[in-house]
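data_21.csv follows (CSV, C-alpha atoms):
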```
chain,number,residue,atom,x,y,z
A,123,MET,CA,41.0,62.8,-69.4
A,124,LYS,CA,39.9,65.4,-66.8
A,125,ALA,CA,37.4,63.0,-65.4
A,126,THR,CA,40.0,60.3,-65.1
A,127,ARG,CA,42.4,62.6,-63.3
A,128,LYS,CA,39.7,63.7,-60.9
A,129,LEU,CA,38.8,60.0,-60.2
A,130,ILE,CA,42.5,59.2,-59.5
A,131,PHE,CA,42.8,62.2,-57.2
A,132,VAL,CA,39.6,61.2,-55.3
A,133,LEU,CA,40.9,57.6,-54.9
A,134,PHE,CA,44.2,59.0,-53.7
A,135,LEU,CA,42.5,61.1,-51.0
A,136,PHE,CA,40.4,58.2,-49.9
A,137,SER,CA,43.5,56.0,-49.5
A,138,VAL,CA,45.2,58.7,-47.4
A,139,VAL,CA,42.1,59.2,-45.2
A,140,ASN,CA,41.7,55.4,-44.8
A,141,CYS,CA,45.3,54.9,-43.9
A,142,TYR,CA,45.2,57.8,-41.4
A,143,SER,CA,42.1,56.4,-39.8
A,144,GLN,CA,43.7,53.0,-39.4
A,145,THR,CA,46.9,54.3,-37.9
A,146,SER,CA,46.1,57.5,-36.0
A,147,HIS,CA,44.4,56.0,-33.0
A,148,PRO,CA,46.6,54.8,-30.1
A,149,GLU,CA,45.6,51.6,-28.3
A,150,PRO,CA,43.1,52.6,-25.5
A,151,VAL,CA,44.5,52.3,-21.9
A,152,THR,CA,42.3,51.0,-19.1
A,153,LEU,CA,41.7,53.5,-16.3
A,154,LYS,CA,43.9,52.9,-13.3
A,155,VAL,CA,42.7,52.3,-9.8
A,156,GLY,CA,42.9,55.6,-7.9
A,157,SER,CA,41.9,57.6,-11.0
A,158,LYS,CA,39.1,60.1,-11.0
A,159,ALA,CA,36.0,59.1,-13.0
A,160,PRO,CA,36.0,60.8,-16.5
A,161,ASP,CA,32.8,62.6,-17.1
A,162,PHE,CA,30.5,61.8,-20.0
A,163,SER,CA,27.4,62.9,-21.8
A,164,LEU,CA,25.6,60.0,-23.4
A,165,PRO,CA,22.1,59.3,-24.6
A,166,GLY,CA,20.1,56.6,-22.8
A,167,ILE,CA,17.5,54.3,-24.3
A,168,ASP,CA,14.9,56.1,-22.2
A,169,GLY,CA,15.4,59.4,-24.2
A,170,LYS,CA,17.4,61.1,-21.5
A,171,THR,CA,21.0,62.3,-21.7
A,172,TYR,CA,23.2,61.2,-18.8
A,173,SER,CA,26.4,62.5,-17.1
A,174,LEU,CA,28.1,61.8,-13.9
A,175,LYS,CA,26.3,64.6,-12.1
A,176,ASP,CA,23.1,62.7,-12.5
A,177,PHE,CA,24.4,60.3,-9.9
A,178,ASP,CA,25.8,62.8,-7.4
A,179,LYS,CA,23.7,61.4,-4.5
A,180,SER,CA,24.9,57.8,-5.0
A,181,PRO,CA,27.7,56.6,-2.5
A,182,VAL,CA,28.9,54.2,-5.2
A,183,VAL,CA,28.7,54.3,-9.0
A,184,VAL,CA,29.2,51.2,-11.0
A,185,ILE,CA,29.9,51.5,-14.7
A,186,VAL,CA,29.7,48.4,-16.8
A,187,PHE,CA,30.8,48.4,-20.4
A,188,SER,CA,28.7,45.8,-22.1
A,189,CYS,CA,26.7,45.3,-25.3
A,190,ASN,CA,23.9,43.3,-27.0
A,191,HIS,CA,25.7,40.9,-29.3
A,192,CYS,CA,28.6,39.4,-27.2
A,193,PRO,CA,27.8,35.9,-25.9
A,194,THR,CA,29.8,36.6,-22.7
A,195,ALA,CA,27.9,39.8,-22.2
A,196,GLN,CA,24.6,38.0,-22.6
A,197,ALA,CA,25.7,35.3,-20.2
A,198,TYR,CA,26.1,38.0,-17.5
A,199,GLU,CA,22.9,40.0,-18.3
A,200,ASP,CA,20.8,38.4,-15.6
A,201,ARG,CA,23.6,38.8,-13.0
A,202,ILE,CA,23.9,42.4,-13.7
A,203,ILE,CA,20.2,42.9,-13.5
A,204,ALA,CA,20.2,41.1,-10.1
A,205,ILE,CA,23.1,43.2,-8.8
A,206,ASP,CA,21.2,46.4,-9.8
A,207,LYS,CA,18.1,45.1,-8.0
A,208,ASN,CA,20.0,44.2,-4.9
A,209,TYR,CA,22.0,47.4,-4.5
A,210,ARG,CA,19.7,50.0,-5.8
A,211,PRO,CA,18.0,50.3,-2.4
A,212,LYS,CA,21.4,51.0,-0.9
A,213,GLY,CA,21.8,54.0,-3.2
A,214,VAL,CA,24.2,52.3,-5.6
A,215,ALA,CA,24.0,53.6,-9.2
A,216,LEU,CA,24.6,51.0,-11.8
A,217,ILE,CA,25.1,52.2,-15.4
A,218,VAL,CA,25.6,50.1,-18.4
A,219,ILE,CA,27.3,51.7,-21.4
A,220,SER,CA,27.5,50.1,-24.9
A,221,PRO,CA,30.8,51.2,-26.4
A,222,ASN,CA,30.8,49.4,-29.7
A,223,SER,CA,30.8,51.0,-33.2
A,224,THR,CA,28.4,49.4,-35.5
A,225,ALA,CA,30.8,50.1,-38.4
A,226,ALA,CA,33.3,47.6,-36.9
A,227,LEU,CA,30.8,44.9,-36.1
A,228,ASN,CA,30.1,42.4,-38.9
A,229,TYR,CA,27.3,39.9,-39.3
A,230,SER,CA,29.5,36.9,-38.6
A,231,GLU,CA,30.0,38.3,-35.0
A,232,LEU,CA,26.3,38.2,-34.5
A,233,GLY,CA,26.0,34.4,-34.5
A,234,TYR,CA,25.1,34.2,-30.8
A,235,THR,CA,22.5,37.0,-30.7
A,236,ASP,CA,19.3,38.2,-32.2
A,237,MET,CA,20.4,41.9,-31.9
A,238,GLY,CA,23.3,44.0,-32.9
A,239,ASP,CA,24.7,47.0,-31.0
A,240,SER,CA,22.8,49.8,-32.6
A,241,PHE,CA,21.0,52.3,-30.5
A,242,GLU,CA,17.6,51.1,-31.7
A,243,GLU,CA,18.5,47.5,-30.9
A,244,MET,CA,19.7,48.5,-27.4
A,245,LYS,CA,16.1,49.7,-26.8
A,246,LEU,CA,14.7,46.4,-27.9
A,247,ARG,CA,17.1,44.4,-25.7
A,248,ALA,CA,16.4,46.6,-22.7
A,249,LYS,CA,12.7,46.1,-23.1
A,250,ASP,CA,13.1,42.3,-23.7
A,251,LYS,CA,15.2,41.9,-20.6
A,252,GLY,CA,13.4,44.4,-18.4
A,253,TYR,CA,16.5,46.6,-17.7
A,254,THR,CA,15.9,49.0,-14.8
A,255,PHE,CA,19.3,50.7,-15.0
A,256,PRO,CA,20.4,53.4,-17.5
A,257,TYR,CA,21.6,51.8,-20.7
A,258,LEU,CA,23.7,54.3,-22.6
A,259,TYR,CA,25.1,54.5,-26.1
A,260,ASP,CA,28.7,55.5,-26.9
A,261,GLY,CA,29.0,53.9,-30.3
A,262,ASP,CA,29.1,57.0,-32.4
A,263,ASN,CA,32.3,58.7,-31.2
A,264,GLN,CA,33.4,56.3,-28.4
A,265,LYS,CA,34.8,59.2,-26.4
A,266,CYS,CA,33.6,57.7,-23.1
A,267,ALA,CA,35.1,54.2,-23.9
A,268,LEU,CA,38.4,55.8,-24.9
A,269,ALA,CA,38.5,57.6,-21.5
A,270,TYR,CA,37.8,54.5,-19.5
A,271,GLY,CA,39.6,52.0,-21.7
A,272,PRO,CA,37.5,48.8,-21.4
A,273,VAL,CA,39.0,45.9,-23.2
A,274,ALA,CA,36.1,43.4,-23.4
A,275,THR,CA,32.4,43.1,-22.6
A,276,PRO,CA,31.5,43.1,-19.9
A,277,HIS,CA,34.1,45.3,-18.1
A,278,CYS,CA,33.3,46.8,-14.7
A,279,PHE,CA,34.4,50.0,-13.0
A,280,VAL,CA,33.5,50.8,-9.4
A,281,PHE,CA,33.8,54.3,-8.0
A,282,ASP,CA,33.5,55.6,-4.4
A,283,ARG,CA,31.5,58.6,-3.3
A,284,ASN,CA,34.4,60.9,-4.4
A,285,ARG,CA,34.3,59.1,-7.8
A,286,ILE,CA,37.7,57.6,-7.3
A,287,LEU,CA,38.1,54.2,-9.1
A,288,GLN,CA,38.4,51.4,-6.5
A,289,TYR,CA,37.8,48.3,-8.6
A,290,VAL,CA,38.2,47.5,-12.3
A,291,GLY,CA,37.6,44.1,-13.8
A,292,ARG,CA,35.1,41.2,-14.2
A,293,VAL,CA,31.7,40.5,-12.8
A,294,ASP,CA,32.8,37.1,-11.6
A,295,GLY,CA,35.0,34.3,-12.9
A,296,SER,CA,32.2,31.9,-14.0
A,297,GLU,CA,30.9,32.8,-17.5
A,298,LYS,CA,28.3,30.1,-17.8
A,299,PRO,CA,24.9,31.3,-16.5
A,300,GLY,CA,24.0,29.7,-13.1
A,301,THR,CA,27.6,29.1,-12.1
A,302,GLY,CA,28.3,32.5,-10.6
A,303,GLN,CA,26.5,35.3,-8.8
A,304,GLY,CA,28.7,38.3,-9.6
A,305,GLU,CA,30.9,37.7,-6.6
A,306,ASP,CA,33.9,39.9,-7.6
A,307,LEU,CA,31.7,42.9,-8.4
A,308,ARG,CA,29.5,42.4,-5.4
A,309,ASN,CA,32.5,42.1,-3.1
A,310,ALA,CA,33.9,45.4,-4.5
A,311,ILE,CA,30.6,47.2,-4.1
A,312,ASP,CA,30.2,46.0,-0.5
A,313,GLU,CA,33.7,47.1,0.4
A,314,VAL,CA,33.3,50.5,-1.1
A,315,LEU,CA,29.9,50.9,0.5
A,316,GLY,CA,31.5,50.0,3.9
A,317,ARG,CA,34.3,52.5,3.2
A,318,LYS,CA,36.8,49.6,3.4
A,319,THR,CA,39.8,49.0,1.3
A,320,VAL,CA,39.0,46.8,-1.7
A,321,ALA,CA,40.9,43.5,-1.2
A,322,ASN,CA,41.1,42.7,-4.9
A,323,THR,CA,41.2,45.9,-6.9
A,324,VAL,CA,42.0,44.6,-10.4
A,325,THR,CA,40.8,41.4,-12.1
A,326,LYS,CA,41.2,40.3,-15.7
A,327,VAL,CA,38.2,40.2,-17.9
A,328,PHE,CA,37.0,37.8,-20.6
A,329,GLY,CA,34.7,38.5,-23.5
A,330,CYS,CA,34.3,40.1,-26.9
A,331,SER,CA,36.8,42.8,-27.6
A,332,ILE,CA,35.6,46.4,-28.0
A,333,LYS,CA,34.6,47.2,-31.6
A,334,TRP,CA,36.6,50.4,-32.1
A,335,SER,CA,35.4,52.3,-35.2
A,336,TRP,CA,38.9,52.4,-36.8
A,337,LYS,CA,39.4,48.7,-36.5
A,338,ASN,CA,37.1,47.7,-39.3
A,339,GLU,CA,39.7,46.0,-41.7
A,340,TYR,CA,38.4,42.5,-40.9
A,341,THR,CA,34.8,43.5,-41.6
A,342,GLN,CA,35.7,45.1,-44.9
A,343,LYS,CA,37.7,42.0,-45.9
A,344,LEU,CA,35.0,39.6,-44.8
A,345,TYR,CA,32.3,41.4,-46.7
A,346,LYS,CA,34.5,41.4,-49.8
A,347,GLN,CA,35.1,37.6,-49.4
A,348,TRP,CA,31.3,37.0,-49.1
A,349,SER,CA,30.7,39.1,-52.2
A,350,GLU,CA,33.0,36.8,-54.1
A,351,LEU,CA,31.5,33.5,-53.0
A,352,PRO,CA,29.9,31.5,-55.8
A,353,VAL,CA,26.1,31.7,-56.1
A,354,THR,CA,24.5,28.6,-57.4
A,355,LEU,CA,21.0,27.4,-58.4
A,356,GLU,CA,20.2,23.7,-58.6
A,357,ASP,CA,17.2,21.8,-59.8
A,358,ILE,CA,15.2,19.9,-57.2
A,359,ASP,CA,12.5,17.3,-57.5
A,360,ILE,CA,9.8,16.0,-55.2
A,361,LYS,CA,12.1,13.4,-53.6
A,362,GLY,CA,14.8,16.1,-53.0
A,363,ILE,CA,12.2,18.4,-51.3
A,364,LYS,CA,11.0,15.6,-49.1
A,365,GLU,CA,14.6,14.9,-48.0
A,366,LEU,CA,15.2,18.6,-47.2
A,367,VAL,CA,12.1,18.6,-45.0
A,368,LYS,CA,13.2,15.5,-43.2
A,369,ASN,CA,16.4,17.3,-42.2
A,370,ASP,CA,18.0,14.1,-40.8
A,371,SER,CA,21.5,14.3,-42.3
A,372,ILE,CA,23.7,17.1,-41.0
A,373,GLY,CA,22.5,18.0,-37.5
A,374,LYS,CA,21.7,21.7,-38.4
A,375,LEU,CA,18.7,23.9,-37.8
A,376,ARG,CA,17.3,24.4,-41.3
A,377,LEU,CA,15.4,27.4,-42.5
A,378,ILE,CA,13.6,26.7,-45.8
A,379,ASN,CA,12.1,29.7,-47.8
A,380,ILE,CA,9.9,29.2,-50.8
A,381,TRP,CA,9.8,32.2,-53.0
A,382,ALA,CA,9.5,33.6,-56.6
A,383,THR,CA,11.0,36.5,-58.5
A,384,TRP,CA,7.5,37.7,-59.4
A,385,CYS,CA,6.3,37.7,-55.8
A,386,GLY,CA,6.7,41.2,-54.3
A,387,PRO,CA,6.8,40.2,-50.6
A,388,CYS,CA,9.3,37.5,-51.5
A,389,VAL,CA,11.6,40.0,-53.1
A,390,THR,CA,11.2,42.4,-50.3
A,391,GLU,CA,12.1,40.0,-47.5
A,392,PHE,CA,14.9,38.3,-49.3
A,393,PRO,CA,17.7,40.6,-48.2
A,394,ASP,CA,16.8,39.9,-44.5
A,395,LEU,CA,17.1,36.2,-45.2
A,396,VAL,CA,20.6,36.8,-46.6
A,397,ILE,CA,21.6,38.7,-43.4
A,398,ILE,CA,20.2,35.9,-41.2
A,399,ASP,CA,22.3,33.4,-43.2
A,400,ARG,CA,25.4,35.5,-42.7
A,401,MET,CA,24.8,35.8,-39.0
A,402,TYR,CA,24.3,32.1,-38.3
A,403,ARG,CA,26.1,30.2,-41.1
A,404,GLY,CA,29.0,29.7,-38.7
A,405,ARG,CA,26.7,27.9,-36.3
A,406,LYS,CA,24.6,24.7,-36.7
A,407,PHE,CA,22.3,26.5,-39.1
A,408,GLU,CA,21.6,26.6,-42.8
A,409,LEU,CA,19.4,28.6,-45.1
A,410,ILE,CA,17.9,26.9,-48.1
A,411,THR,CA,15.7,28.7,-50.7
A,412,ILE,CA,13.5,27.0,-53.2
A,413,SER,CA,12.2,29.1,-56.2
A,414,ALA,CA,8.7,28.5,-57.4
A,415,ASP,CA,9.4,30.2,-60.7
A,416,LYS,CA,8.8,28.4,-63.9
A,417,LYS,CA,11.8,26.3,-65.2
A,418,ASP,CA,12.3,28.6,-68.2
A,419,LYS,CA,13.0,31.5,-65.7
A,420,LYS,CA,16.0,29.8,-64.1
A,421,GLN,CA,18.5,32.3,-65.4
A,422,ASP,CA,16.3,35.2,-64.1
A,423,VAL,CA,16.3,33.5,-60.7
A,424,LEU,CA,20.0,33.0,-60.7
A,425,ASN,CA,20.6,36.6,-61.7
A,426,PHE,CA,18.5,37.7,-58.7
A,427,LEU,CA,20.4,35.4,-56.3
A,428,LYS,CA,23.7,36.8,-57.6
A,429,GLN,CA,22.5,40.3,-57.2
A,430,HIS,CA,21.8,39.6,-53.5
A,431,GLN,CA,25.0,37.6,-53.0
A,432,ALA,CA,22.9,34.6,-51.8
A,433,SER,CA,25.8,32.1,-51.4
A,434,ASN,CA,23.6,29.7,-49.4
A,435,LYS,CA,22.0,26.6,-50.9
A,436,ASN,CA,19.5,27.6,-53.6
A,437,TYR,CA,17.1,25.4,-55.6
A,438,ILE,CA,14.4,25.7,-58.3
A,439,PHE,CA,11.6,23.2,-58.5
A,440,ASN,CA,12.1,21.2,-61.7
A,441,ASN,CA,8.4,20.7,-62.4
A,442,ASP,CA,5.9,23.4,-63.4
A,443,ASP,CA,3.2,21.6,-61.4
A,444,VAL,CA,3.6,23.7,-58.2
A,445,TYR,CA,0.8,21.7,-56.4
A,446,GLN,CA,3.1,18.7,-56.2
A,447,MET,CA,5.7,21.0,-54.6
A,448,ILE,CA,3.2,22.4,-52.1
A,449,GLU,CA,2.2,18.9,-50.9
A,450,ALA,CA,5.8,17.8,-50.7
A,451,ILE,CA,7.0,20.7,-48.6
A,452,ASP,CA,4.1,20.9,-46.1
A,453,PRO,CA,0.5,19.6,-46.3
A,454,GLU,CA,-0.4,22.5,-44.1
A,455,TRP,CA,0.7,25.1,-46.6
A,456,GLN,CA,-2.1,26.6,-48.5
A,457,GLY,CA,0.1,27.7,-51.4
A,458,GLY,CA,0.6,31.4,-50.8
A,459,LEU,CA,4.1,32.9,-51.2
A,460,PRO,CA,6.4,33.4,-49.5
A,461,TYR,CA,6.4,30.4,-47.3
A,462,THR,CA,8.9,29.8,-44.6
A,463,MET,CA,9.7,26.8,-42.3
A,464,VAL,CA,12.3,26.3,-39.6
A,465,ILE,CA,13.0,22.6,-39.0
A,466,GLU,CA,15.1,21.0,-36.3
A,467,PRO,CA,17.3,18.0,-37.0
A,468,GLY,CA,15.1,15.0,-37.2
A,469,GLY,CA,12.3,16.9,-39.0
A,470,LYS,CA,10.5,18.7,-36.2
A,471,ILE,CA,9.0,21.8,-37.6
A,472,ILE,CA,9.2,24.6,-35.0
A,473,TYR,CA,8.0,27.4,-37.3
A,474,ARG,CA,5.9,27.7,-40.4
A,475,LYS,CA,4.4,30.8,-41.9
A,476,GLN,CA,2.7,31.8,-45.1
A,477,ASP,CA,3.6,35.5,-45.9
A,478,THR,CA,6.7,37.4,-44.9
A,479,VAL,CA,8.5,36.8,-41.7
A,480,ASP,CA,9.5,39.3,-39.0
A,481,PRO,CA,13.3,39.3,-39.2
A,482,GLN,CA,13.7,40.2,-35.5
A,483,GLN,CA,11.3,37.4,-34.4
A,484,MET,CA,13.1,35.0,-36.7
A,485,LYS,CA,16.5,35.8,-35.3
A,486,LYS,CA,15.2,35.3,-31.7
A,487,LEU,CA,13.7,32.0,-32.7
A,488,ILE,CA,16.9,30.8,-34.2
A,489,VAL,CA,19.3,31.9,-31.4
A,490,ASP,CA,17.0,30.6,-28.7
A,491,ASP,CA,16.7,27.2,-30.3
A,492,LYS,CA,18.5,24.4,-28.4
A,493,TYR,CA,20.7,23.6,-31.4
A,494,ILE,CA,22.1,27.2,-31.6
A,495,GLY,CA,22.0,29.1,-28.2
A,496,ARG,CA,23.4,32.4,-27.0
A,497,TYR,CA,26.4,31.1,-25.0
A,498,TYR,CA,29.5,29.1,-25.6
```
As structure tokens, please, write out the structure in this file.
Amino acid sequence: MKATRKLIFVLFLFSVVNCYSQTSHPEPVTLKVGSKAPDFSLPGIDGKTYSLKDFDKSPVVVIVFSCNHCPTAQAYEDRIIAIDKNYRPKGVALIVISPNSTAALNYSELGYTDMGDSFEEMKLRAKDKGYTFPYLYDGDNQKCALAYGPVATPHCFVFDRNRILQYVGRVDGSEKPGTGQGEDLRNAIDEVLGRKTVANTVTKVFGCSIKWSWKNEYTQKLYKQWSELPVTLEDIDIKGIKELVKNDSIGKLRLINIWATWCGPCVTEFPDLVIIDRMYRGRKFELITISADKKDKKQDVLNFLKQHQASNKNYIFNNDDVYQMIEAIDPEWQGGLPYTMVIEPGGKIIYRKQDTVDPQQMKKLIVDDKYIGRYY
């Protein structure tokens, strides 16, 4: 009885805290033109901690709130890199701040990227793209983002030598790469450098909304829905396997993973495959697993799949002669598990590997494929 009362009390406290966390945060307000730049102290991916005083010598400071995952942010990456390269010799300091809380970012929102918005993934993206500007992380407490009030990524703030805000808004009005050169941001920087009045001080922005830590209801709801999806396991024969490898029916990029419950590396990598499925299942992508377990282990296989909430398409080979399966899947496969293939519509195999896959490499391969892509 005491334990029950204690549990009820703990649940009550949790509900109160959760309710408070969802309702106690006012909607952030975007900093107004003419305002003084709020100071900050944020870690950079280079190991340094940055504040406004680190840029005291710069006649213009440009702060861009952006991130890894957003397709719009990715569409503007090269333009932001070019602007930094063009204006750095003029003393302009360009700083990019990632404001998103990873607690409010779910896997379904990562369908256009190979990386989320964690600090470690920021380091990977910066290296991959060759960032030369400070890339700062504000995802833990989001104090800086709350002070500046960005509404989407990317969102730009241009400050003069007195750190008074002169421009707030978009990079330019053409999201698709190659259709714009950052005209709005460049014009504002040029005017502030020349000590002129900025002609167009405010522009609207377009992109992914900021992932505020207290706005995680959708993520919690989605993960609950995923946990309740049916997990199935069907028998498959040689003919069925050959049809899967042909991949000529639904126009999706297909990842096929052959595994077994007794295979240690298979079991180790399986959760990463489930994450990949959840990231890209909303795109032209599907994950298919084929178990190489013996037929009498079918229930064990199904139990494992349910444990990992593998609601993708799952099969078990209906013949204990695994050598037939090996030849049907890929004549180049030597038979070691796990074995993974990525097949474009029409049957073109763009990836095959015996042994575990590198999850980061796999995500990059998927999102950079012509059937998926990083942009709308």
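For the residues A:Lys420, A:Lys154, A:Arg201, A:His147, ranking by smallest atom-to-atom distance to Val280 (chain A) using only C-alpha atoms places A:Lys154 first.
Between Tyr270 (chain A) and the residues A:Cys330, A:Ala321, A:Leu287, A:Ile465, the shortest atom-to-atom distance, using only C-alpha atoms, involves A:Leu287.
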Counting only C-alpha atoms, which residues come within 9 Å of (36.4, 43.7, -18.4), with the point read in the file's coordinates, and could you list them as number ranges by chain? A: 186-188, 272-279, 290-293, 325-329
List as a PyMOL selection string the protein and nucleic acid residues near Gln342 (chain A), meaning an atom at most 12 Å away when all atoms listed in the file are counted, but skip any in the same chain fewer than 2 places from it. chain A and resi 140+225-229+336-340+344-349
With only C-alpha atoms as the counted atoms, please give the residues lying no more than 12 Å from Trp455 (chain A), apart from itself and same-chain residues fewer than 2 positions off, as JSON, numbers by chain. {"A": [380, 445, 446, 447, 448, 449, 450, 451, 452, 453, 457, 458, 459, 460, 461, 462, 463, 474, 475, 476, 477]}
Residue nearest Leu375 (chain A) among A:Asp422, A:Asp442, A:Asp490, A:Glu199 (counting all atoms listed in the file): A:Asp490
How close does each residue of region 414-482 of chain A get to region 367-372 of chain A, giving the shortest atom pair and distance in Å to one decimal for every residue with an atom at most 7 Å away, counting only C-alpha atoms, sorted by chain and residue number, as JSON lines?
```
{"residue": "A:Ile451", "atom": "CA", "partner": "A:Val367", "partner_atom": "CA", "distance": 6.6}
{"residue": "A:Pro467", "atom": "CA", "partner": "A:Asn369", "partner_atom": "CA", "distance": 5.3}
{"residue": "A:Gly468", "atom": "CA", "partner": "A:Asp370", "partner_atom": "CA", "distance": 4.7}
{"residue": "A:Gly469", "atom": "CA", "partner": "A:Lys368", "partner_atom": "CA", "distance": 4.5}
```
Might you pull out every residue within 12 Å of His430 (chain A), with all atoms listed in the file counted and same-chain residues fewer than 5 positions away left off, and present them as a ChimeraX atom specification? /A:348-354,389-397,423-425
How about saving the chosen residues, C-alpha atoms kept, as a CSV table (one decimal), in the frame of the given file?
```
chain,number,residue,atom,x,y,z
A,348,TRP,CA,31.3,37.0,-49.1
A,349,SER,CA,30.7,39.1,-52.2
A,350,GLU,CA,33.0,36.8,-54.1
A,351,LEU,CA,31.5,33.5,-53.0
A,352,PRO,CA,29.9,31.5,-55.8
A,353,VAL,CA,26.1,31.7,-56.1
A,354,THR,CA,24.5,28.6,-57.4
A,389,VAL,CA,11.6,40.0,-53.1
A,390,THR,CA,11.2,42.4,-50.3
A,391,GLU,CA,12.1,40.0,-47.5
A,392,PHE,CA,14.9,38.3,-49.3
A,393,PRO,CA,17.7,40.6,-48.2
A,394,ASP,CA,16.8,39.9,-44.5
A,395,LEU,CA,17.1,36.2,-45.2
A,396,VAL,CA,20.6,36.8,-46.6
A,397,ILE,CA,21.6,38.7,-43.4
A,423,VAL,CA,16.3,33.5,-60.7
A,424,LEU,CA,20.0,33.0,-60.7
A,425,ASN,CA,20.6,36.6,-61.7
```
Counting only C-alpha atoms, closest pick from A:Asp200, A:Asp239, A:Asp306, A:Glu297 relative to Thr254 (chain A) is A:Asp200
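In this model, the gap between CA of Phe439 (chain A) and CA of Lys470 (chain A) comes to 22.8 Å.
Among the candidate residues A:Ser157, A:Thr411, A:Gln264, A:Ser223, the one lying nearest to Gln288 (chain A) is A:Ser157, with distances computed using all atoms listed in the file.
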Selection: 10 Å around Leu268 (chain A), all atoms listed in the file, excl. self and same-chain fewer than 6 positions, as a PyMOL selection string: chain A and resi 148-153+221+260+334
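With CA of Ser163 (chain A) on one side and CA of Val182 (chain A) on the other, the separation reads 18.8 Å.
Each of A:Asp357, A:Ile332, A:Pro193, A:Leu487 was compared to Glu466 (chain A) using all atoms listed in the file, and A:Leu487 turns out to be the nearest.
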Quick one: everything within 7 Å of Lys485 (chain A), counting all atoms listed in the file, minus sequence neighbours fewer than 4 positions away in the same chain. Send it as a ChimeraX atom specification. /A:236,398,481,489
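Atom pair CA of Ile488 (chain A) / CA of Ile378 (chain A) has a distance of 12.7 Å (rounded to one decimal).
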